[in-house]
Structures are given as C-alpha cells and as structure tokens.
$ cat final-v9.csv   # CSV, C-alpha atoms
chain,number,residue,atom,x,y,z
F,57,MET,CA,0.0,0.0,0.0
F,58,LYS,CA,1.2,3.5,-0.7
F,59,ARG,CA,0.3,6.7,1.1
F,60,LEU,CA,0.9,10.0,-0.6
F,61,ALA,CA,2.1,11.5,2.7
F,62,TYR,CA,5.2,9.2,2.4
F,63,LYS,CA,6.8,11.8,0.0
F,64,LYS,CA,6.3,14.5,2.6
F,65,LEU,CA,8.2,12.3,5.1
F,66,LEU,CA,11.0,11.9,2.6
F,67,ASN,CA,11.2,15.6,2.1
F,68,TRP,CA,11.3,16.1,5.8
F,69,LYS,CA,14.1,13.5,6.2
F,70,ASN,CA,16.2,15.0,3.5
F,71,GLN,CA,16.1,18.6,4.8
F,72,GLU,CA,19.5,19.8,6.0
F,73,LYS,CA,17.9,21.3,9.1
F,74,HIS,CA,14.8,19.6,10.3
F,75,LYS,CA,12.6,20.0,13.3
F,76,PRO,CA,10.7,17.2,15.1
F,77,LEU,CA,7.7,16.2,13.0
F,78,VAL,CA,4.3,15.8,14.6
F,79,ILE,CA,1.8,13.8,12.6
F,80,LYS,CA,-1.8,14.5,13.7
F,81,GLY,CA,-5.0,13.0,12.8
F,82,VAL,CA,-8.0,11.2,14.0
F,83,ARG,CA,-7.7,7.6,15.2
F,84,GLN,CA,-7.3,4.8,12.6
F,85,VAL,CA,-6.1,6.9,9.6
F,86,GLY,CA,-2.8,5.1,9.3
F,87,LYS,CA,-0.4,7.4,11.2
F,88,THR,CA,1.4,4.5,13.0
F,89,TRP,CA,1.5,2.3,9.8
F,90,LEU,CA,3.0,5.2,7.8
F,91,ILE,CA,5.7,5.9,10.4
F,92,ARG,CA,6.6,2.2,10.8
F,93,GLU,CA,6.8,1.8,7.0
F,94,PHE,CA,8.9,4.9,6.7
F,95,GLY,CA,11.2,4.0,9.6
F,96,GLU,CA,11.8,0.5,8.3
F,97,HIS,CA,12.5,1.5,4.7
F,98,GLU,CA,14.3,4.8,5.0
F,99,PHE,CA,16.5,4.4,8.1
F,100,SER,CA,19.2,1.9,9.3
F,101,SER,CA,17.3,1.5,12.6
F,102,PHE,CA,13.9,2.4,14.0
F,103,VAL,CA,13.0,3.1,17.6
F,104,TYR,CA,9.2,2.9,18.2
F,105,VAL,CA,7.9,3.9,21.6
F,106,ASN,CA,4.2,3.9,22.4
F,107,CYS,CA,3.6,6.5,25.1
F,108,ASP,CA,0.2,5.1,26.0
F,109,SER,CA,0.4,3.5,29.5
F,110,ASN,CA,4.2,3.2,29.3
F,111,TYR,CA,5.5,4.1,32.7
F,112,GLN,CA,9.2,3.7,31.8
F,113,VAL,CA,8.8,6.2,29.0
F,114,LYS,CA,6.7,8.6,31.1
F,115,GLU,CA,9.6,8.6,33.7
F,116,LEU,CA,12.0,9.8,31.0
F,117,PHE,CA,10.2,13.1,30.7
F,118,GLU,CA,9.5,13.7,34.4
F,119,ASN,CA,12.4,15.7,35.7
F,120,ASP,CA,13.9,17.8,33.0
F,121,PHE,CA,14.3,18.1,29.2
F,122,ASP,CA,17.9,17.0,28.9
F,123,THR,CA,17.7,15.6,25.4
F,124,GLN,CA,20.9,13.5,25.7
F,125,ARG,CA,19.5,11.8,28.9
F,126,ILE,CA,16.2,11.2,27.2
F,127,LEU,CA,17.9,9.7,24.1
F,128,ARG,CA,19.9,7.4,26.4
F,129,GLY,CA,16.7,6.4,28.1
F,130,LEU,CA,14.9,5.7,24.8
F,131,SER,CA,17.8,3.7,23.7
F,132,ALA,CA,17.7,1.6,26.9
F,133,VAL,CA,14.0,1.1,26.7
F,134,SER,CA,14.0,0.1,23.1
F,135,GLY,CA,17.3,-1.9,23.1
F,136,ILE,CA,18.4,0.0,20.0
F,137,ASN,CA,21.5,2.3,19.7
F,138,ILE,CA,20.2,5.7,18.5
F,139,ILE,CA,22.5,7.2,15.9
F,140,PRO,CA,22.0,10.7,14.5
F,141,GLY,CA,20.8,10.6,10.9
F,142,LYS,CA,20.6,6.8,10.9
F,143,THR,CA,17.8,6.2,13.4
F,144,LEU,CA,14.2,7.3,13.3
F,145,ILE,CA,12.7,7.8,16.7
F,146,CYS,CA,8.9,7.5,16.9
F,147,LEU,CA,6.9,8.7,20.0
F,148,ASP,CA,3.5,7.3,19.2
F,149,GLU,CA,0.4,8.4,21.2
F,150,ILE,CA,2.5,11.3,22.5
F,151,GLN,CA,-0.6,13.1,23.8
F,152,GLU,CA,-0.5,10.6,26.7
F,153,ILE,CA,2.7,12.2,28.1
F,154,PRO,CA,2.2,16.0,28.0
F,155,ARG,CA,5.9,16.6,29.0
F,156,ALA,CA,7.0,14.5,26.0
F,157,VAL,CA,5.1,17.0,23.8
F,158,GLN,CA,7.0,19.9,25.5
F,159,SER,CA,10.3,18.1,25.0
F,160,LEU,CA,10.0,18.4,21.2
F,161,LYS,CA,11.1,22.1,21.6
F,162,TYR,CA,14.4,20.9,23.1
F,163,PHE,CA,14.9,18.3,20.5
F,164,CYS,CA,14.6,21.1,18.0
F,165,GLU,CA,17.0,23.4,19.8
F,166,ASN,CA,19.5,20.9,21.3
F,167,ALA,CA,19.4,17.7,19.2
F,168,SER,CA,18.3,18.7,15.7
F,169,GLU,CA,20.6,16.0,14.2
F,170,TYR,CA,18.1,13.4,15.4
F,171,HIS,CA,15.0,12.4,13.4
F,172,VAL,CA,12.1,12.5,15.7
F,173,ILE,CA,8.5,11.9,14.7
F,174,ALA,CA,5.6,12.1,17.2
F,175,ALA,CA,2.1,10.9,16.5
F,176,GLY,CA,-1.2,11.5,18.2
F,177,SER,CA,-4.8,12.0,17.6
F,178,LEU,CA,-5.6,15.7,16.8
F,179,LEU,CA,-8.0,16.1,19.7
F,180,GLY,CA,-5.6,14.3,22.1
F,181,ILE,CA,-2.7,16.7,21.5
F,182,HIS,CA,-4.9,19.7,22.0
F,183,GLU,CA,-6.7,18.6,25.1
F,184,HIS,CA,-3.8,19.3,27.5
F,185,LYS,CA,-4.3,23.0,28.3
F,186,ASP,CA,-1.7,23.0,31.0
F,187,ILE,CA,1.3,22.3,28.8
F,188,SER,CA,3.3,24.5,26.4
F,189,PHE,CA,2.9,23.3,22.9
F,190,PRO,CA,6.2,23.9,21.0
F,191,VAL,CA,4.8,26.2,18.3
F,192,GLY,CA,7.5,27.1,15.8
F,193,LYS,CA,9.8,24.3,17.0
F,194,ILE,CA,8.0,21.5,15.2
F,195,GLU,CA,6.8,20.6,11.7
F,196,SER,CA,3.3,19.3,11.4
F,197,LEU,CA,1.6,16.9,9.1
F,198,GLN,CA,-2.1,16.3,9.1
F,199,MET,CA,-3.2,12.8,8.2
F,200,HIS,CA,-6.6,12.0,6.7
F,201,PRO,CA,-8.3,8.8,5.8
F,202,MET,CA,-7.1,7.2,2.6
F,203,SER,CA,-8.0,9.3,-0.4
F,204,PHE,CA,-9.5,7.9,-3.6
F,205,SER,CA,-6.1,8.3,-5.3
F,206,GLU,CA,-4.4,6.3,-2.6
F,207,PHE,CA,-7.2,3.7,-2.9
F,208,LEU,CA,-6.6,3.4,-6.6
F,209,LEU,CA,-2.9,2.9,-5.9
F,210,ALA,CA,-3.6,0.2,-3.3
F,211,VAL,CA,-6.2,-1.7,-5.3
F,212,ALA,CA,-5.4,-1.2,-9.0
F,213,GLY,CA,-1.8,-0.2,-9.0
F,214,GLN,CA,0.3,2.6,-10.5
F,215,GLN,CA,-1.1,2.3,-14.1
F,216,MET,CA,-4.7,2.9,-13.0
F,217,TYR,CA,-3.5,5.8,-10.8
F,218,ASP,CA,-1.6,7.4,-13.7
F,219,PHE,CA,-4.6,7.0,-16.0

$ encode --input "final-v9.csv" --output "structure tokens"
Amino acid sequence: MKRLAYKKLLNWKNQEKHKPLVIKGVRQVGKTWLIREFGEHEFSSFVYVNCDSNYQVKELFENDFDTQRILRGLSAVSGINIIPGKTLICLDEIQEIPRAVQSLKYFCENASEYHVIAAGSLLGIHEHKDISFPVGKIESLQMHPMSFSEFLLAVAGQQMYDF
C-alpha cells in the first residue's frame, strides 16, 4: 500500500535542518502504519515507543528536558542504539505524556541532528491546556483517511492511478 504522505516524510528527512515532525489526525487513519513503513525502509534503525500507558517512557520526561539523557533512556527502553541521521525515533500516542510534547522544543533546539516523529490524535494533542505546545519548534503533518487516489494505488496499481 502507498500513502501520498510518504513523499512528505521523505522531504522532511532530507532537509538539511529539520525540526521534530508531529503527525496529527483522528484515530485509525494510518499514522502509525505510515511511520513504521517509513522507519523500516528509510533508516538503518527504527525506535518505536508507544507512550500510551508506558510508565518507563513517562519517567524519562518527568524531571527535565535533557535531550541526551532522554535519548539514552529511549535507547535503553528500546534496546536500540540511537545514531543521529541513521535512526528514526517515533513517539506514538505522544498526547498521553504532555511533557513529551513539550520536549519536542528541546529536540529542535539541542538535538536537531536526530530524526524524531511524534504521532497522536488531533483532539488528544490539544486537550492538555496545562502544557506549552512547542509552536515554531516542530513541523506538522495532518493525516486524513485514505484518499481515492491512494485507494486506486492500493487496489489497482500505478497504471490505473496514472490513467
């Protein structure tokens, strides 16, 4: 299956200077699938962390926003060595850990050599009024349900899509 948003992810990856990417959208539109597909095909390694009910990950964001400490913790939790430019880090369901959302600002400012994608439902990210959303320190991508063009690609292939 192909999603047209994949090209946007490639453009983000290939930017010389990139900010953390937040993929927003309602549940079940393919955010996690797209990130997994992208991480497995475009990077040497892929760290996937689901923030929903994950106490170990929540603890990583409790005390401070030291990105190097957080990266070491994510590496320990996932068992994968995180290498700048070679590893994609995915923080899925990030709305469940409001301080993780805030930490994206510090990834932008202090660790921009790392590729970080966060995903969450649109309503979930905006329901935490007590946190500081990192406006200007992230890039954003809105995911929608599969379009008719994407459906054609999935069902009939490239020729039908090009027709």

$ atom_distance --input "final-v9.csv" --atom1 "atom CA of Pro201 of chain F" --atom2 "atom CA of Gly81 of chain F"
8.8 Å

$ closest_residue --input "final-v9.csv" --among "F:Leu90, F:Leu127, F:Cys107, F:Met202" --to "Ile153 of chain F" --atoms "all atoms listed in the file"
F:Cys107

$ residues_around --input "final-v9.csv" --residues "Ser131 of chain F" --least-positions-apart "6" --cutoff "8 Å" --atoms "all atoms listed in the file" --output "number ranges by chain"
F: 103, 137-138

$ atom_distance --input "final-v9.csv" --atom1 "atom CA of Gly135 of chain F" --atom2 "atom CA of Val105 of chain F"
11.1 Å

$ residues_around --input "final-v9.csv" --residues "segment 158-171 of chain F" --least-positions-apart "5" --cutoff "6 Å" --atoms "only C-alpha atoms" --output "list in words"
Lys75, Phe121, Pro140, Gly141, Leu144, Ser188, Phe189, Pro190 and Lys193 of chain F

$ write_last_selection --input "final-v9.csv" --atoms "C-alpha atoms" --output "CSV table (one decimal), in the frame of the given file"
chain,number,residue,atom,x,y,z
F,75,LYS,CA,12.6,20.0,13.3
F,121,PHE,CA,14.3,18.1,29.2
F,140,PRO,CA,22.0,10.7,14.5
F,141,GLY,CA,20.8,10.6,10.9
F,144,LEU,CA,14.2,7.3,13.3
F,188,SER,CA,3.3,24.5,26.4
F,189,PHE,CA,2.9,23.3,22.9
F,190,PRO,CA,6.2,23.9,21.0
F,193,LYS,CA,9.8,24.3,17.0

$ atom_distance --input "final-v9.csv" --atom1 "atom CA of Leu116 of chain F" --atom2 "atom CA of Ala174 of chain F"
15.4 Å
